[in-house]
file upload_15.csv (CSV, C-alpha atoms and all ligand atoms)
chain,number,residue,atom,x,y,z
A,9,MET,CA,12.6,3.9,21.4
A,10,THR,CA,11.3,7.5,21.6
A,11,ARG,CA,8.0,8.4,19.9
A,12,SER,CA,9.7,10.4,17.1
A,13,SER,CA,12.2,7.6,16.2
A,14,SER,CA,9.3,5.1,16.3
A,15,GLU,CA,7.4,7.2,13.9
A,16,ALA,CA,10.5,7.5,11.6
A,17,ALA,CA,10.8,3.7,11.7
A,18,GLN,CA,7.1,3.3,10.6
A,19,ALA,CA,7.8,5.6,7.6
A,20,HIS,CA,10.9,3.7,6.6
A,21,VAL,CA,9.2,0.3,6.6
A,22,LEU,CA,7.1,1.5,3.6
A,23,ASP,CA,10.2,2.7,1.8
A,24,ARG,CA,12.0,-0.6,2.5
A,25,LEU,CA,9.0,-2.6,1.3
A,26,PHE,CA,8.9,-0.6,-1.9
A,27,ALA,CA,12.6,-1.2,-2.5
A,28,THR,CA,11.9,-5.0,-2.0
A,29,ILE,CA,9.0,-4.8,-4.4
A,30,GLU,CA,11.2,-3.0,-7.1
A,31,ALA,CA,13.9,-5.7,-6.6
A,32,ARG,CA,11.3,-8.4,-7.3
A,33,ARG,CA,10.6,-7.1,-10.8
A,34,SER,CA,13.1,-9.7,-12.2
A,35,ALA,CA,12.3,-12.5,-9.7
A,36,ASP,CA,10.6,-15.8,-10.6
A,37,PRO,CA,6.8,-15.6,-10.4
A,38,GLU,CA,6.9,-19.2,-9.1
A,39,THR,CA,8.7,-18.1,-5.9
A,40,SER,CA,7.8,-14.4,-5.6
A,41,HIS,CA,4.2,-13.2,-5.0
A,42,THR,CA,5.3,-9.7,-6.0
A,43,ALA,CA,6.8,-10.8,-9.3
A,44,ARG,CA,3.5,-12.7,-10.0
A,45,GLN,CA,1.4,-9.6,-9.3
A,46,LEU,CA,3.7,-7.3,-11.4
A,47,ALA,CA,3.6,-9.8,-14.3
A,48,ARG,CA,-0.2,-9.5,-14.4
A,49,GLY,CA,-0.1,-5.8,-15.3
A,50,THR,CA,-1.3,-2.5,-13.7
A,51,LEU,CA,-5.0,-3.1,-14.1
A,52,LYS,CA,-4.8,-6.5,-12.3
A,53,CYS,CA,-2.6,-4.9,-9.6
A,54,ALA,CA,-5.3,-2.2,-9.2
A,55,GLU,CA,-8.0,-4.8,-9.0
A,56,LYS,CA,-6.1,-6.7,-6.3
A,57,PHE,CA,-5.6,-3.5,-4.3
A,58,GLY,CA,-9.4,-2.9,-4.6
A,59,GLU,CA,-10.1,-6.4,-3.2
A,60,GLU,CA,-7.7,-5.8,-0.3
A,61,ALA,CA,-9.3,-2.4,0.4
A,62,VAL,CA,-12.7,-4.1,0.5
A,63,GLU,CA,-11.4,-6.7,2.9
A,64,THR,CA,-10.1,-3.9,5.1
A,65,VAL,CA,-13.5,-2.3,5.1
A,66,ILE,CA,-15.1,-5.7,6.1
A,67,ALA,CA,-12.5,-6.1,8.9
A,68,ALA,CA,-13.2,-2.6,10.2
A,69,ALA,CA,-17.0,-3.2,10.1
A,70,ALA,CA,-17.2,-6.7,11.6
A,71,GLN,CA,-13.9,-8.5,12.4
A,72,GLY,CA,-12.2,-6.4,15.1
A,73,ARG,CA,-8.9,-4.6,15.6
A,74,GLU,CA,-6.5,-7.6,14.9
A,75,ALA,CA,-8.1,-8.3,11.6
A,76,LEU,CA,-8.1,-4.6,10.7
A,77,VAL,CA,-4.3,-4.4,11.3
A,78,ALA,CA,-3.7,-7.6,9.2
A,79,GLU,CA,-5.9,-6.4,6.3
A,80,SER,CA,-4.4,-2.9,6.4
A,81,ALA,CA,-1.0,-4.4,6.0
A,82,ASP,CA,-2.2,-6.5,3.0
A,83,ALA,CA,-3.8,-3.4,1.5
A,84,LEU,CA,-0.7,-1.3,1.9
A,85,TYR,CA,1.5,-4.0,0.4
A,86,HIS,CA,-0.8,-4.2,-2.6
A,87,LEU,CA,-1.0,-0.4,-2.9
A,88,LEU,CA,2.8,-0.3,-3.1
A,89,VAL,CA,2.8,-3.1,-5.7
A,90,LEU,CA,0.3,-1.0,-7.7
A,91,TRP,CA,2.6,2.1,-7.4
A,92,ALA,CA,5.5,0.1,-8.7
A,93,SER,CA,3.5,-1.2,-11.6
A,94,ALA,CA,2.3,2.2,-12.5
A,95,GLY,CA,5.6,4.0,-12.2
A,96,VAL,CA,4.7,6.0,-9.0
A,97,ALA,CA,7.5,6.4,-6.4
A,98,PRO,CA,6.6,6.6,-2.7
A,99,GLU,CA,8.4,10.0,-2.7
A,100,ASP,CA,5.7,11.3,-5.2
A,101,VAL,CA,3.0,10.5,-2.7
A,102,TRP,CA,5.0,11.7,0.3
A,103,THR,CA,5.5,15.0,-1.5
A,104,GLU,CA,1.8,15.4,-2.3
A,105,LEU,CA,0.9,14.6,1.4
A,106,ALA,CA,3.5,17.2,2.5
A,107,ARG,CA,2.1,19.8,0.1
A,108,ARG,CA,-1.3,19.3,1.8
A,109,GLU,CA,0.0,19.7,5.4
A,110,GLY,CA,-1.8,22.5,7.1
A,111,ILE,CA,-4.5,22.7,4.5
A,112,SER,CA,-7.9,21.8,6.1
A,113,GLY,CA,-9.8,19.2,4.1
A,114,ILE,CA,-13.0,21.1,4.7
A,115,ALA,CA,-11.5,24.4,3.4
A,116,GLU,CA,-10.0,22.6,0.4
A,117,LYS,CA,-13.4,21.1,-0.4
A,118,ALA,CA,-15.1,24.5,-0.1
A,119,SER,CA,-12.6,26.0,-2.5
A,120,ARG,CA,-13.9,23.5,-5.1
A,121,GLY,CA,-17.4,24.8,-4.5
A,122,LYS,CA,-18.5,21.8,-2.5
A,123,ALA,CA,-20.3,21.9,0.9
B,201,LIG,N1,4.1,-7.6,2.7
B,201,LIG,C1,3.9,-8.5,1.9
B,201,LIG,C2,2.6,-9.2,1.7
B,201,LIG,N2,1.4,-8.9,2.3
B,201,LIG,C3,0.6,-9.8,1.8
B,201,LIG,N3,1.2,-10.6,0.9
B,201,LIG,C4,0.6,-11.7,0.1
B,201,LIG,O1,-0.5,-11.2,-0.6
B,201,LIG,C5,-1.5,-12.2,-0.7
B,201,LIG,C6,-2.8,-11.7,-0.3
B,201,LIG,O2,-3.6,-12.7,0.1
B,201,LIG,P1,-4.7,-13.3,-0.9
B,201,LIG,O3,-5.3,-14.5,-0.2
B,201,LIG,O4,-5.7,-12.3,-1.4
B,201,LIG,O5,-3.8,-13.8,-2.1
B,201,LIG,P2,-3.9,-15.0,-3.1
B,201,LIG,O6,-4.7,-16.1,-2.4
B,201,LIG,O7,-2.5,-15.3,-3.5
B,201,LIG,O8,-4.8,-14.4,-4.2
B,201,LIG,P3,-4.4,-14.0,-5.7
B,201,LIG,O9,-3.2,-13.1,-5.6
B,201,LIG,O10,-4.1,-15.3,-6.4
B,201,LIG,O11,-5.6,-13.3,-6.2
B,201,LIG,C7,-1.0,-13.4,0.1
B,201,LIG,O12,-0.4,-14.4,-0.7
B,201,LIG,C8,0.1,-12.8,1.0
B,201,LIG,O13,1.2,-13.6,1.3
B,201,LIG,C9,2.5,-10.2,0.8
B,201,LIG,N4,3.5,-10.7,0.1
B,201,LIG,C10,4.7,-10.1,0.2
B,201,LIG,N5,4.9,-9.1,1.1
B,201,LIG,C11,6.3,-8.4,1.2
B,201,LIG,O14,6.9,-8.5,0.0
B,201,LIG,C12,8.2,-9.2,0.2
B,201,LIG,C13,8.6,-10.0,-1.1
B,201,LIG,O15,7.6,-11.0,-1.2
B,201,LIG,P4,7.8,-12.0,-2.5
B,201,LIG,O16,7.7,-11.2,-3.7
B,201,LIG,O17,6.7,-13.0,-2.3
B,201,LIG,O18,9.2,-12.6,-2.3
B,201,LIG,C14,8.0,-10.0,1.4
B,201,LIG,O19,9.3,-10.3,2.0
B,201,LIG,C15,7.2,-9.1,2.3
B,201,LIG,O20,8.0,-8.1,2.9

call {"tool": "encode", "arguments": {"input": "upload_15.csv", "output": "structure tokens"}}
result
Amino acid sequence: MTRSSSEAAQAHVLDRLFATIEARRSADPETSHTARQLARGTLKCAEKFGEEAVETVIAAAAQGREALVAESADALYHLLVLWASAGVAPEDVWTELARREGISGIAEKASRGKA
């Protein structure tokens, strides 16, 4: 696989995962972790993402590369569950990221009057 097609596959996996998450809205919470999370509401989904984000920080600080990869996957999954719960589509975020392409983060911060 070439570098560019590999990169495209990485992007698609998040879109495929989001489609799976959306399809789980009507699934049985007894058999679907996603349905269970969505049934708890957006605030609980946000709280769960926060927990997974903290676990990602701990992995980065003390547990090594393999743990960081695993915790990052958990965090991304729970971020997508949060988007689904809150009515955010991946395209909304991809569009915002594309809008920022080529804008230096340092220049953007300076434009808001921050050093
Ligand atoms: N990518 C994931 C994924 N990553 C992490 N997890 C689950 O997220 C949970 C995070 O671990 P925790 O120990 O924090 O969870 P927990 O012990 O259940 O804690 P609580 O939720 O009770 O707070 C685990 O149960 C993981 O199995 C995931 N569950 C599902 N998916 C994807 O979603 C698809 C649909 O899953 P279901 O909805 O379960 O069918 C799957 O095919 C996968 O592609």

call {"tool": "residues_near_ligand", "arguments": {"input": "upload_15.csv", "ligand": "ligand LIG 201 (chain B)", "cutoff": "8 Å", "atoms": "only C-alpha atoms and all ligand atoms", "output": "ChimeraX atom specification"}}
result
/A:25,28-29,32,35,39-45,56,59-60,81-86

call {"tool": "residues_around", "arguments": {"input": "upload_15.csv", "residues": "region 97-113 of chain A", "least_positions_apart": "2", "cutoff": "12 Å", "atoms": "only C-alpha atoms", "output": "PyMOL selection string"}}
result
chain A and resi 19-27+29-30+84+87-95+115-120+122-123

call {"tool": "atom_distance", "arguments": {"input": "upload_15.csv", "atom1": "CA of Val77 (chain A)", "atom2": "CA of Cys53 (chain A)"}}
result
21.0 Å

call {"tool": "atom_distance", "arguments": {"input": "upload_15.csv", "atom1": "CA of Glu63 (chain A)", "atom2": "CA of Gly49 (chain A)"}}
result
21.4 Å

call {"tool": "atom_distance", "arguments": {"input": "upload_15.csv", "atom1": "CA of Ala68 (chain A)", "atom2": "CA of Ser80 (chain A)"}}
result
9.6 Å

call {"tool": "closest_residue", "arguments": {"input": "upload_15.csv", "among": "A:Glu79, A:Ala31, A:Ala47, A:Ile114", "to": "Val62 (chain A)", "atoms": "only C-alpha atoms"}}
result
A:Glu79

call {"tool": "decode", "arguments": {"input": "upload_15.csv", "residues": "region 86-114 of chain A", "atoms": "C-alpha atoms", "output": "CSV table (one decimal), in the first residue's frame"}}
result
chain,number,residue,atom,x,y,z
A,86,HIS,CA,-15.5,7.6,22.9
A,87,LEU,CA,-15.0,10.9,21.1
A,88,LEU,CA,-17.0,9.6,18.2
A,89,VAL,CA,-19.7,8.3,20.5
A,90,LEU,CA,-19.9,11.8,22.0
A,91,TRP,CA,-20.2,13.4,18.6
A,92,ALA,CA,-23.1,11.0,17.7
A,93,SER,CA,-24.8,11.8,21.0
A,94,ALA,CA,-24.4,15.6,20.5
A,95,GLY,CA,-25.4,15.6,16.8
A,96,VAL,CA,-21.9,16.4,15.5
A,97,ALA,CA,-21.0,14.7,12.2
A,98,PRO,CA,-17.3,13.8,11.5
A,99,GLU,CA,-17.6,16.0,8.3
A,100,ASP,CA,-18.3,19.0,10.6
A,101,VAL,CA,-14.9,18.4,12.3
A,102,TRP,CA,-13.1,17.6,9.1
A,103,THR,CA,-14.4,20.8,7.5
A,104,GLU,CA,-13.2,22.8,10.5
A,105,LEU,CA,-9.7,21.2,10.4
A,106,ALA,CA,-9.6,21.8,6.6
A,107,ARG,CA,-10.5,25.5,7.2
A,108,ARG,CA,-7.5,25.8,9.6
A,109,GLU,CA,-5.0,24.2,7.1
A,110,GLY,CA,-2.2,26.6,6.4
A,111,ILE,CA,-3.1,28.9,9.4
A,112,SER,CA,-0.2,28.8,11.9
A,113,GLY,CA,-1.5,28.1,15.4
A,114,ILE,CA,1.0,30.7,16.7
